[in-house]
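Asks: Following this line is run_12.txt, made up of compact mmCIF, N, CA and C atoms:
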# COMPACT_ATOMS: atom_id res chain seq x y z
N MET A 1 -45.69 112.14 -58.65
CA MET A 1 -46.86 111.34 -58.95
C MET A 1 -46.39 109.94 -59.37
N PRO A 2 -46.83 108.93 -58.66
CA PRO A 2 -46.42 107.57 -59.05
C PRO A 2 -47.20 107.11 -60.28
N TYR A 3 -46.48 106.57 -61.22
CA TYR A 3 -47.10 106.09 -62.45
C TYR A 3 -47.45 104.61 -62.38
N THR A 4 -46.88 103.91 -61.42
CA THR A 4 -47.10 102.48 -61.29
C THR A 4 -48.43 102.21 -60.59
N ILE A 5 -49.21 101.31 -61.15
CA ILE A 5 -50.49 100.93 -60.56
C ILE A 5 -50.44 99.45 -60.23
N GLU A 6 -50.84 99.13 -59.02
CA GLU A 6 -50.95 97.73 -58.59
C GLU A 6 -52.40 97.48 -58.23
N GLU A 7 -52.94 96.38 -58.76
CA GLU A 7 -54.33 96.06 -58.49
C GLU A 7 -54.51 94.56 -58.41
N LYS A 8 -55.47 94.15 -57.59
CA LYS A 8 -55.74 92.72 -57.42
C LYS A 8 -57.24 92.50 -57.56
N LYS A 9 -57.61 91.47 -58.33
CA LYS A 9 -59.01 91.09 -58.49
C LYS A 9 -59.12 89.59 -58.30
N THR A 10 -60.28 89.16 -57.83
CA THR A 10 -60.54 87.74 -57.64
C THR A 10 -61.68 87.32 -58.56
N TYR A 11 -61.47 86.21 -59.25
CA TYR A 11 -62.47 85.66 -60.16
C TYR A 11 -62.89 84.28 -59.65
N PRO A 12 -64.18 83.93 -59.78
CA PRO A 12 -64.68 82.64 -59.27
C PRO A 12 -64.38 81.47 -60.21
N ASN A 13 -63.35 81.57 -61.00
CA ASN A 13 -62.99 80.55 -61.98
C ASN A 13 -61.66 79.92 -61.59
N PRO A 14 -61.39 78.69 -62.06
CA PRO A 14 -60.10 78.05 -61.77
C PRO A 14 -58.94 78.78 -62.45
N VAL A 15 -57.75 78.57 -61.93
CA VAL A 15 -56.56 79.27 -62.40
C VAL A 15 -56.33 79.07 -63.89
N ASP A 16 -56.46 77.83 -64.39
CA ASP A 16 -56.17 77.58 -65.80
C ASP A 16 -57.12 78.34 -66.72
N ALA A 17 -58.39 78.46 -66.34
CA ALA A 17 -59.35 79.21 -67.16
C ALA A 17 -59.02 80.70 -67.16
N VAL A 18 -58.65 81.24 -66.00
CA VAL A 18 -58.32 82.67 -65.91
C VAL A 18 -57.01 82.94 -66.63
N TYR A 19 -56.05 82.02 -66.54
CA TYR A 19 -54.77 82.18 -67.25
C TYR A 19 -55.02 82.24 -68.76
N ALA A 20 -55.85 81.35 -69.27
CA ALA A 20 -56.19 81.36 -70.70
C ALA A 20 -56.90 82.66 -71.07
N ALA A 21 -57.80 83.13 -70.22
CA ALA A 21 -58.51 84.38 -70.47
C ALA A 21 -57.55 85.57 -70.46
N ALA A 22 -56.56 85.53 -69.56
CA ALA A 22 -55.57 86.62 -69.50
C ALA A 22 -54.73 86.66 -70.77
N LEU A 23 -54.31 85.49 -71.25
CA LEU A 23 -53.55 85.45 -72.51
C LEU A 23 -54.42 85.94 -73.67
N GLY A 24 -55.69 85.58 -73.67
CA GLY A 24 -56.61 86.07 -74.69
C GLY A 24 -56.80 87.58 -74.60
N ALA A 25 -56.82 88.10 -73.38
CA ALA A 25 -56.96 89.55 -73.19
C ALA A 25 -55.75 90.29 -73.74
N VAL A 26 -54.57 89.72 -73.53
CA VAL A 26 -53.34 90.33 -74.07
C VAL A 26 -53.43 90.37 -75.59
N GLU A 27 -53.83 89.27 -76.19
CA GLU A 27 -53.97 89.21 -77.64
C GLU A 27 -55.03 90.19 -78.12
N GLY A 28 -56.14 90.27 -77.40
CA GLY A 28 -57.23 91.17 -77.76
C GLY A 28 -56.83 92.64 -77.69
N LEU A 29 -55.89 92.95 -76.82
CA LEU A 29 -55.41 94.32 -76.67
C LEU A 29 -54.13 94.59 -77.47
N GLU A 30 -53.81 93.67 -78.36
CA GLU A 30 -52.66 93.80 -79.26
C GLU A 30 -51.34 93.90 -78.50
N GLY A 31 -51.28 93.25 -77.34
CA GLY A 31 -50.06 93.25 -76.55
C GLY A 31 -49.11 92.15 -76.98
N LYS A 32 -47.89 92.24 -76.48
CA LYS A 32 -46.87 91.24 -76.80
C LYS A 32 -46.41 90.58 -75.50
N VAL A 33 -46.58 89.26 -75.43
CA VAL A 33 -46.12 88.52 -74.25
C VAL A 33 -44.61 88.44 -74.31
N VAL A 34 -43.95 89.01 -73.32
CA VAL A 34 -42.49 89.02 -73.25
C VAL A 34 -41.99 87.76 -72.55
N ASN A 35 -42.73 87.35 -71.54
CA ASN A 35 -42.33 86.20 -70.75
C ASN A 35 -43.58 85.61 -70.10
N GLN A 36 -43.67 84.29 -70.10
CA GLN A 36 -44.81 83.66 -69.43
C GLN A 36 -44.38 82.33 -68.83
N ASP A 37 -45.01 82.00 -67.72
CA ASP A 37 -44.74 80.73 -67.05
C ASP A 37 -46.06 80.25 -66.47
N SER A 38 -46.68 79.30 -67.14
CA SER A 38 -47.99 78.82 -66.70
C SER A 38 -47.90 78.09 -65.37
N GLU A 39 -46.77 77.43 -65.11
CA GLU A 39 -46.60 76.72 -63.83
C GLU A 39 -46.57 77.72 -62.67
N ALA A 40 -45.85 78.80 -62.83
CA ALA A 40 -45.75 79.82 -61.78
C ALA A 40 -46.93 80.78 -61.82
N GLY A 41 -47.69 80.78 -62.91
CA GLY A 41 -48.84 81.67 -63.05
C GLY A 41 -48.44 83.11 -63.29
N THR A 42 -47.39 83.32 -64.08
CA THR A 42 -46.95 84.69 -64.34
C THR A 42 -46.96 84.99 -65.84
N ILE A 43 -47.25 86.24 -66.14
CA ILE A 43 -47.23 86.73 -67.52
C ILE A 43 -46.63 88.14 -67.48
N GLU A 44 -45.70 88.40 -68.38
CA GLU A 44 -45.12 89.74 -68.52
C GLU A 44 -45.47 90.21 -69.93
N VAL A 45 -46.06 91.40 -70.03
CA VAL A 45 -46.60 91.88 -71.29
C VAL A 45 -46.18 93.32 -71.56
N LYS A 46 -45.98 93.62 -72.83
CA LYS A 46 -45.76 95.01 -73.26
C LYS A 46 -46.89 95.39 -74.21
N PHE A 47 -47.44 96.59 -73.98
CA PHE A 47 -48.50 97.12 -74.83
C PHE A 47 -47.97 98.34 -75.58
N ASN A 48 -48.33 98.47 -76.84
CA ASN A 48 -47.95 99.64 -77.62
C ASN A 48 -48.73 100.85 -77.17
N LYS A 49 -48.33 102.02 -77.68
CA LYS A 49 -49.04 103.23 -77.30
C LYS A 49 -50.33 103.44 -78.08
N THR A 50 -50.58 102.59 -79.07
CA THR A 50 -51.85 102.62 -79.79
C THR A 50 -52.51 101.25 -79.66
N ILE A 51 -53.73 101.23 -79.13
CA ILE A 51 -54.48 99.99 -78.98
C ILE A 51 -55.82 100.17 -79.66
N HIS A 52 -56.10 99.31 -80.64
CA HIS A 52 -57.34 99.37 -81.42
C HIS A 52 -57.58 100.75 -82.02
N GLY A 53 -56.51 101.36 -82.51
CA GLY A 53 -56.63 102.65 -83.17
C GLY A 53 -56.70 103.84 -82.22
N LYS A 54 -56.78 103.60 -80.93
CA LYS A 54 -56.83 104.70 -79.96
C LYS A 54 -55.40 104.99 -79.49
N VAL A 55 -54.95 106.20 -79.72
CA VAL A 55 -53.60 106.60 -79.34
C VAL A 55 -53.62 106.99 -77.86
N LEU A 56 -52.89 106.22 -77.06
CA LEU A 56 -52.83 106.47 -75.62
C LEU A 56 -51.66 107.37 -75.26
N GLY A 57 -50.60 107.33 -76.05
CA GLY A 57 -49.48 108.22 -75.83
C GLY A 57 -48.26 107.60 -75.19
N ASP A 58 -48.43 106.53 -74.44
CA ASP A 58 -47.28 105.86 -73.81
C ASP A 58 -47.39 104.36 -74.00
N ARG A 59 -46.25 103.72 -74.09
CA ARG A 59 -46.20 102.26 -74.06
C ARG A 59 -46.30 101.86 -72.59
N THR A 60 -46.80 100.66 -72.34
CA THR A 60 -46.89 100.19 -70.96
C THR A 60 -46.38 98.76 -70.86
N GLU A 61 -45.96 98.42 -69.66
CA GLU A 61 -45.55 97.05 -69.37
C GLU A 61 -46.34 96.60 -68.16
N ALA A 62 -46.82 95.35 -68.22
CA ALA A 62 -47.59 94.79 -67.11
C ALA A 62 -46.98 93.47 -66.67
N LYS A 63 -46.99 93.26 -65.39
CA LYS A 63 -46.57 91.99 -64.80
C LYS A 63 -47.79 91.44 -64.08
N ILE A 64 -48.24 90.27 -64.53
CA ILE A 64 -49.47 89.69 -64.01
C ILE A 64 -49.15 88.38 -63.32
N THR A 65 -49.74 88.18 -62.15
CA THR A 65 -49.55 86.95 -61.39
C THR A 65 -50.92 86.38 -61.07
N LEU A 66 -51.08 85.09 -61.32
CA LEU A 66 -52.33 84.40 -61.04
C LEU A 66 -52.07 83.32 -60.00
N ARG A 67 -52.90 83.30 -58.95
CA ARG A 67 -52.77 82.31 -57.87
C ARG A 67 -54.16 81.83 -57.46
N ALA A 68 -54.22 80.60 -56.98
CA ALA A 68 -55.48 80.10 -56.43
C ALA A 68 -55.80 80.89 -55.16
N ASN A 69 -57.06 81.23 -54.98
CA ASN A 69 -57.50 81.99 -53.82
C ASN A 69 -57.38 81.11 -52.58
N GLU A 70 -56.93 81.69 -51.47
CA GLU A 70 -56.72 80.90 -50.25
C GLU A 70 -58.03 80.45 -49.61
N GLU A 71 -59.06 81.30 -49.65
CA GLU A 71 -60.34 80.95 -49.04
C GLU A 71 -61.14 79.98 -49.90
N SER A 72 -61.07 80.17 -51.20
CA SER A 72 -61.84 79.33 -52.13
C SER A 72 -60.89 78.81 -53.21
N PRO A 73 -60.52 77.52 -53.15
CA PRO A 73 -59.54 76.99 -54.11
C PRO A 73 -60.00 77.01 -55.56
N ASP A 74 -61.32 77.12 -55.78
CA ASP A 74 -61.82 77.19 -57.16
C ASP A 74 -61.74 78.59 -57.74
N ALA A 75 -61.44 79.57 -56.92
CA ALA A 75 -61.34 80.96 -57.37
C ALA A 75 -59.87 81.31 -57.63
N THR A 76 -59.67 82.38 -58.39
CA THR A 76 -58.33 82.80 -58.77
C THR A 76 -58.11 84.27 -58.44
N ASP A 77 -56.97 84.57 -57.81
CA ASP A 77 -56.56 85.94 -57.55
C ASP A 77 -55.64 86.38 -58.68
N VAL A 78 -55.95 87.51 -59.29
CA VAL A 78 -55.11 88.08 -60.35
C VAL A 78 -54.52 89.38 -59.82
N SER A 79 -53.20 89.43 -59.73
CA SER A 79 -52.50 90.63 -59.30
C SER A 79 -51.78 91.21 -60.51
N ALA A 80 -51.93 92.51 -60.72
CA ALA A 80 -51.30 93.15 -61.86
C ALA A 80 -50.55 94.40 -61.40
N THR A 81 -49.36 94.56 -61.95
CA THR A 81 -48.57 95.77 -61.76
C THR A 81 -48.29 96.31 -63.15
N ILE A 82 -48.66 97.56 -63.39
CA ILE A 82 -48.51 98.14 -64.73
C ILE A 82 -47.89 99.53 -64.61
N TYR A 83 -47.05 99.86 -65.58
CA TYR A 83 -46.38 101.16 -65.56
C TYR A 83 -45.99 101.54 -66.98
N PRO A 84 -45.80 102.85 -67.24
CA PRO A 84 -45.37 103.29 -68.58
C PRO A 84 -43.89 103.01 -68.80
N ILE A 85 -43.55 102.75 -70.05
CA ILE A 85 -42.15 102.51 -70.42
C ILE A 85 -41.77 103.39 -71.60
N ASP A 86 -40.47 103.61 -71.74
CA ASP A 86 -39.97 104.38 -72.89
C ASP A 86 -39.81 103.44 -74.09
N PRO A 87 -39.45 103.97 -75.27
CA PRO A 87 -39.31 103.12 -76.46
C PRO A 87 -38.29 101.99 -76.33
N VAL A 88 -37.32 102.15 -75.42
CA VAL A 88 -36.30 101.12 -75.23
C VAL A 88 -36.78 100.06 -74.23
N GLY A 89 -37.85 100.35 -73.49
CA GLY A 89 -38.39 99.39 -72.54
C GLY A 89 -38.07 99.69 -71.09
N ARG A 90 -37.50 100.87 -70.83
CA ARG A 90 -37.18 101.25 -69.44
C ARG A 90 -38.40 101.91 -68.80
N LYS A 91 -38.57 101.67 -67.52
CA LYS A 91 -39.68 102.25 -66.77
C LYS A 91 -39.57 103.77 -66.73
N LEU A 92 -40.67 104.47 -67.07
CA LEU A 92 -40.68 105.93 -67.02
C LEU A 92 -40.90 106.39 -65.58
N MET A 93 -40.04 107.26 -65.12
CA MET A 93 -40.16 107.80 -63.78
C MET A 93 -40.74 109.22 -63.79
N PHE A 94 -40.72 109.86 -64.96
CA PHE A 94 -41.29 111.20 -65.11
C PHE A 94 -41.66 111.39 -66.58
N GLY A 95 -42.52 112.36 -66.84
CA GLY A 95 -42.86 112.70 -68.21
C GLY A 95 -43.89 111.80 -68.86
N ALA A 96 -44.51 110.92 -68.12
CA ALA A 96 -45.53 110.03 -68.71
C ALA A 96 -46.87 110.75 -68.73
N ARG A 97 -47.72 110.32 -69.62
CA ARG A 97 -49.05 110.90 -69.73
C ARG A 97 -49.95 110.33 -68.64
N LYS A 98 -50.80 111.16 -68.11
CA LYS A 98 -51.66 110.78 -67.01
C LYS A 98 -52.74 109.79 -67.46
N GLY A 99 -52.92 108.73 -66.70
CA GLY A 99 -54.03 107.82 -66.92
C GLY A 99 -53.82 106.69 -67.89
N VAL A 100 -52.68 106.63 -68.57
CA VAL A 100 -52.47 105.57 -69.57
C VAL A 100 -52.42 104.19 -68.92
N PRO A 101 -51.61 103.98 -67.87
CA PRO A 101 -51.61 102.65 -67.25
C PRO A 101 -52.99 102.24 -66.71
N ARG A 102 -53.71 103.18 -66.12
CA ARG A 102 -55.05 102.89 -65.60
C ARG A 102 -55.99 102.44 -66.72
N THR A 103 -55.95 103.13 -67.85
CA THR A 103 -56.79 102.78 -68.99
C THR A 103 -56.48 101.38 -69.49
N VAL A 104 -55.21 101.08 -69.68
CA VAL A 104 -54.82 99.76 -70.19
C VAL A 104 -55.21 98.67 -69.20
N LEU A 105 -55.01 98.91 -67.91
CA LEU A 105 -55.36 97.92 -66.91
C LEU A 105 -56.87 97.69 -66.86
N ASN A 106 -57.64 98.76 -66.95
CA ASN A 106 -59.10 98.61 -66.97
C ASN A 106 -59.54 97.78 -68.18
N TRP A 107 -58.96 98.05 -69.34
CA TRP A 107 -59.28 97.29 -70.54
C TRP A 107 -58.89 95.82 -70.39
N PHE A 108 -57.72 95.59 -69.77
CA PHE A 108 -57.23 94.23 -69.57
C PHE A 108 -58.22 93.43 -68.72
N PHE A 109 -58.62 94.00 -67.58
CA PHE A 109 -59.57 93.29 -66.71
C PHE A 109 -60.93 93.12 -67.39
N ALA A 110 -61.35 94.10 -68.16
CA ALA A 110 -62.62 93.98 -68.89
C ALA A 110 -62.56 92.84 -69.91
N HIS A 111 -61.42 92.70 -70.58
CA HIS A 111 -61.25 91.61 -71.54
C HIS A 111 -61.28 90.25 -70.84
N ILE A 112 -60.63 90.15 -69.70
CA ILE A 112 -60.66 88.89 -68.94
C ILE A 112 -62.10 88.54 -68.56
N GLU A 113 -62.81 89.52 -68.00
CA GLU A 113 -64.19 89.28 -67.56
C GLU A 113 -65.09 88.88 -68.73
N HIS A 114 -64.89 89.52 -69.88
CA HIS A 114 -65.68 89.18 -71.06
C HIS A 114 -65.41 87.75 -71.49
N ARG A 115 -64.16 87.35 -71.52
CA ARG A 115 -63.80 85.98 -71.93
C ARG A 115 -64.32 84.95 -70.93
N LEU A 116 -64.28 85.25 -69.64
CA LEU A 116 -64.77 84.31 -68.64
C LEU A 116 -66.28 84.19 -68.70
N ASP A 117 -66.96 85.30 -69.01
CA ASP A 117 -68.43 85.26 -69.13
C ASP A 117 -68.88 84.43 -70.31
N ASN A 118 -68.07 84.38 -71.34
CA ASN A 118 -68.43 83.65 -72.56
C ASN A 118 -67.98 82.19 -72.55
N GLU A 119 -67.48 81.73 -71.43
CA GLU A 119 -67.04 80.32 -71.33
C GLU A 119 -68.22 79.39 -71.34
Output the structure of this file as structure tokens.

Replies:
Amino acid sequence: MPYTIEEKKTYPNPVDAVYAAALGAVEGLEGKVVNQDSEAGTIEVKFNKTIHGKVLGDRTEAKITLRANEESPDATDVSATIYPIDPVGRKLMFGARKGVPRTVLNWFFAHIEHRLDNE
């Protein structure tokens, strides 16, 4: 069973607004930005196994890339790859709990959408 989830969403907002919303979503989900490059539109994040008091069971790492949409330059494509990690930060290849990366990714996109709606 593959634990890695890759997903892409498009938002009708400019890249800088979505990038700010993504950083806000990381903060809202109590994540830690490991690496970020606003010029390249990349963010690397680690999430703990407990988010807002809900114990998920596994830590996760996400790599997020933001690019201007090719068809509509005012829109932004957000690509995310997320997977469970062990306490040392290595990618888990077996023994991970089912659904943890999906839950964190759904929350992440929901936080982005909420922040963009409130602009």

Asks: Here is a test: counting only N, CA and C atoms, which residue of A:Glu71, A:Ile82, A:Glu39, A:Ile112 is nearest to A:Leu23?

Replies: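 Selected residue with least distance to A:Leu23: A:Ile112.
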
Asks: What is the distance between atom CA of A:Trp107 and atom CA of A:Ile51, in Å to one decimal?

Replies: 10.1 Å

Asks: Which residues are near A:Met93? Cut-off 7 Å, only N, CA and C atoms, ignore same chain within fewer than 3 positions. Put them as a list in words.

Replies: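 So, after excluding close chain neighbours, the residues are Tyr3, Pro84, Arg90 and Ala96 of chain A.
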
Asks: For A:Thr50, which residue out of A:Glu7, A:Asp37, A:Glu113, A:Glu30 is the nearest one, using all atoms listed in the file?

Replies: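 Closest to A:Thr50 of all the choices is A:Glu30.
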
Asks: Please measure the separation of atom C of A:Val18 and atom CA of A:Asp86, giving the value in Å to one decimal.

Replies: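 Pair atom C of A:Val18 / atom CA of A:Asp86 returns 28.1 Å.
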
Asks: Which of stretch 66-103 of chain A end up as strand (DSSP E or B) when DSSP is run on this backbone - answer as a ChimeraX atom specification?

Replies: /A:66-68,76-85,91

Asks: Please indicate the distance in Å from atom N of A:Glu70 to atom CA of A:Thr10, rounded to one decimal place.

Replies: 9.4 Å

Asks: My list of candidates is A:Glu119, A:Asp16, A:Glu6, A:Asp74. Which is closest to A:Gly41 when distances are computed with only C-alpha atoms?

Replies: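 Selected residue with least distance to A:Gly41: A:Asp16.
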
Asks: Measuring between only C-alpha atoms, which one of A:Ala21, A:Val78, A:Leu56, A:Leu105 shows the shortest distance to A:Lys9?

Replies: A:Val78

Asks: Counting only C-alpha atoms, which of A:Ala68, A:Pro12, A:Leu116, A:Thr103 gets nearest to A:Lys54?

Replies: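 Checking each candidate against A:Lys54, we get A:Thr103 as the closest.
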
Asks: With only C-alpha atoms as the basis for distance, which of A:Lys98, A:Pro87, A:Lys8, A:Leu66 is at the shortest distance from A:Asn48?

Replies: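 Of A:Lys98, A:Pro87, A:Lys8, A:Leu66, the one nearest A:Asn48 is A:Pro87, counting only C-alpha atoms.
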
Asks: Which centre and edge lengths in Å to one decimal define the box along x, y and z that fits every listed atom of stretch 19-32 of chain A plus 3 Å per side, as JSON?

Replies:
{"center_x": -52.5, "center_y": 88.0, "center_z": -72.9, "size_x": 18.1, "size_y": 19.2, "size_z": 18.7}

Asks: For the point (-45.9, 96.1, -60.3) in file coordinates, what residues are within 8 Å, counting all atoms listed in the file? Give the answer as a PDB file with N, CA and C atoms, in the coordinates of the input?

Replies:
ATOM      1  N   THR A   4     -46.880 103.910 -61.420  1.00  0.00           N
ATOM      2  CA  THR A   4     -47.100 102.480 -61.290  1.00  0.00           C
ATOM      3  C   THR A   4     -48.430 102.210 -60.590  1.00  0.00           C
ATOM      4  N   ILE A   5     -49.210 101.310 -61.150  1.00  0.00           N
ATOM      5  CA  ILE A   5     -50.490 100.930 -60.560  1.00  0.00           C
ATOM      6  C   ILE A   5     -50.440  99.450 -60.230  1.00  0.00           C
ATOM      7  N   GLU A   6     -50.840  99.130 -59.020  1.00  0.00           N
ATOM      8  CA  GLU A   6     -50.950  97.730 -58.590  1.00  0.00           C
ATOM      9  C   GLU A   6     -52.400  97.480 -58.230  1.00  0.00           C
ATOM     10  N   GLU A   7     -52.940  96.380 -58.760  1.00  0.00           N
ATOM     11  CA  GLU A   7     -54.330  96.060 -58.490  1.00  0.00           C
ATOM     12  C   GLU A   7     -54.510  94.560 -58.410  1.00  0.00           C
ATOM     13  N   GLU A  61     -45.960  98.420 -69.660  1.00  0.00           N
ATOM     14  CA  GLU A  61     -45.550  97.050 -69.370  1.00  0.00           C
ATOM     15  C   GLU A  61     -46.340  96.600 -68.160  1.00  0.00           C
ATOM     16  N   ALA A  62     -46.820  95.350 -68.220  1.00  0.00           N
ATOM     17  CA  ALA A  62     -47.590  94.790 -67.110  1.00  0.00           C
ATOM     18  C   ALA A  62     -46.980  93.470 -66.670  1.00  0.00           C
ATOM     19  N   LYS A  63     -46.990  93.260 -65.390  1.00  0.00           N
ATOM     20  CA  LYS A  63     -46.570  91.990 -64.800  1.00  0.00           C
ATOM     21  C   LYS A  63     -47.790  91.440 -64.080  1.00  0.00           C
ATOM     22  N   ILE A  64     -48.240  90.270 -64.530  1.00  0.00           N
ATOM     23  CA  ILE A  64     -49.470  89.690 -64.010  1.00  0.00           C
ATOM     24  C   ILE A  64     -49.150  88.380 -63.320  1.00  0.00           C
ATOM     25  N   SER A  79     -53.200  89.430 -59.730  1.00  0.00           N
ATOM     26  CA  SER A  79     -52.500  90.630 -59.300  1.00  0.00           C
ATOM     27  C   SER A  79     -51.780  91.210 -60.510  1.00  0.00           C
ATOM     28  N   ALA A  80     -51.930  92.510 -60.720  1.00  0.00           N
ATOM     29  CA  ALA A  80     -51.300  93.150 -61.860  1.00  0.00           C
ATOM     30  C   ALA A  80     -50.550  94.400 -61.400  1.00  0.00           C
ATOM     31  N   THR A  81     -49.360  94.560 -61.950  1.00  0.00           N
ATOM     32  CA  THR A  81     -48.570  95.770 -61.760  1.00  0.00           C
ATOM     33  C   THR A  81     -48.290  96.310 -63.150  1.00  0.00           C
ATOM     34  N   ILE A  82     -48.660  97.560 -63.390  1.00  0.00           N
ATOM     35  CA  ILE A  82     -48.510  98.140 -64.730  1.00  0.00           C
ATOM     36  C   ILE A  82     -47.890  99.530 -64.610  1.00  0.00           C
ATOM     37  N   TYR A  83     -47.050  99.860 -65.580  1.00  0.00           N
ATOM     38  CA  TYR A  83     -46.380 101.160 -65.560  1.00  0.00           C
ATOM     39  C   TYR A  83     -45.990 101.540 -66.980  1.00  0.00           C
TER      40      TYR A  83
END

Asks: Based on DSSP run over this structure's backbone, return all residues of stretch 63-114 of chain A in helix (DSSP H, G or I), as JSON, numbers by chain.

Replies: {"A": [100, 101, 102, 103, 104, 105, 106, 107, 108, 109, 110, 111, 112, 113, 114]}

Asks: Determine, counting only C-alpha atoms, which protein, DNA and RNA residues have an atom within 6 Å of an atom of A:Thr76; residues of the same chain fewer than 3 positions away are not included. Present the result as a list in words.

Replies: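 My reading of the contact set: Thr10, Tyr11, Pro14, Val15, Arg67, Ala68 and Asn69 of chain A.
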
Asks: Hey, can you spit out that residue selection with N, CA and C atoms as an mmCIF file, in the coordinates of the input?

Replies:
data_model
loop_
_atom_site.group_PDB
_atom_site.id
_atom_site.type_symbol
_atom_site.label_atom_id
_atom_site.label_comp_id
_atom_site.auth_asym_id
_atom_site.auth_seq_id
_atom_site.Cartn_x
_atom_site.Cartn_y
_atom_site.Cartn_z
ATOM 1 N N THR A 10 -60.280 89.160 -57.830
ATOM 2 C CA THR A 10 -60.540 87.740 -57.640
ATOM 3 C C THR A 10 -61.680 87.320 -58.560
ATOM 4 N N TYR A 11 -61.470 86.210 -59.250
ATOM 5 C CA TYR A 11 -62.470 85.660 -60.160
ATOM 6 C C TYR A 11 -62.890 84.280 -59.650
ATOM 7 N N PRO A 14 -61.390 78.690 -62.060
ATOM 8 C CA PRO A 14 -60.100 78.050 -61.770
ATOM 9 C C PRO A 14 -58.940 78.780 -62.450
ATOM 10 N N VAL A 15 -57.750 78.570 -61.930
ATOM 11 C CA VAL A 15 -56.560 79.270 -62.400
ATOM 12 C C VAL A 15 -56.330 79.070 -63.890
ATOM 13 N N ARG A 67 -52.900 83.300 -58.950
ATOM 14 C CA ARG A 67 -52.770 82.310 -57.870
ATOM 15 C C ARG A 67 -54.160 81.830 -57.460
ATOM 16 N N ALA A 68 -54.220 80.600 -56.980
ATOM 17 C CA ALA A 68 -55.480 80.100 -56.430
ATOM 18 C C ALA A 68 -55.800 80.890 -55.160
ATOM 19 N N ASN A 69 -57.060 81.230 -54.980
ATOM 20 C CA ASN A 69 -57.500 81.990 -53.820
ATOM 21 C C ASN A 69 -57.380 81.110 -52.580
#
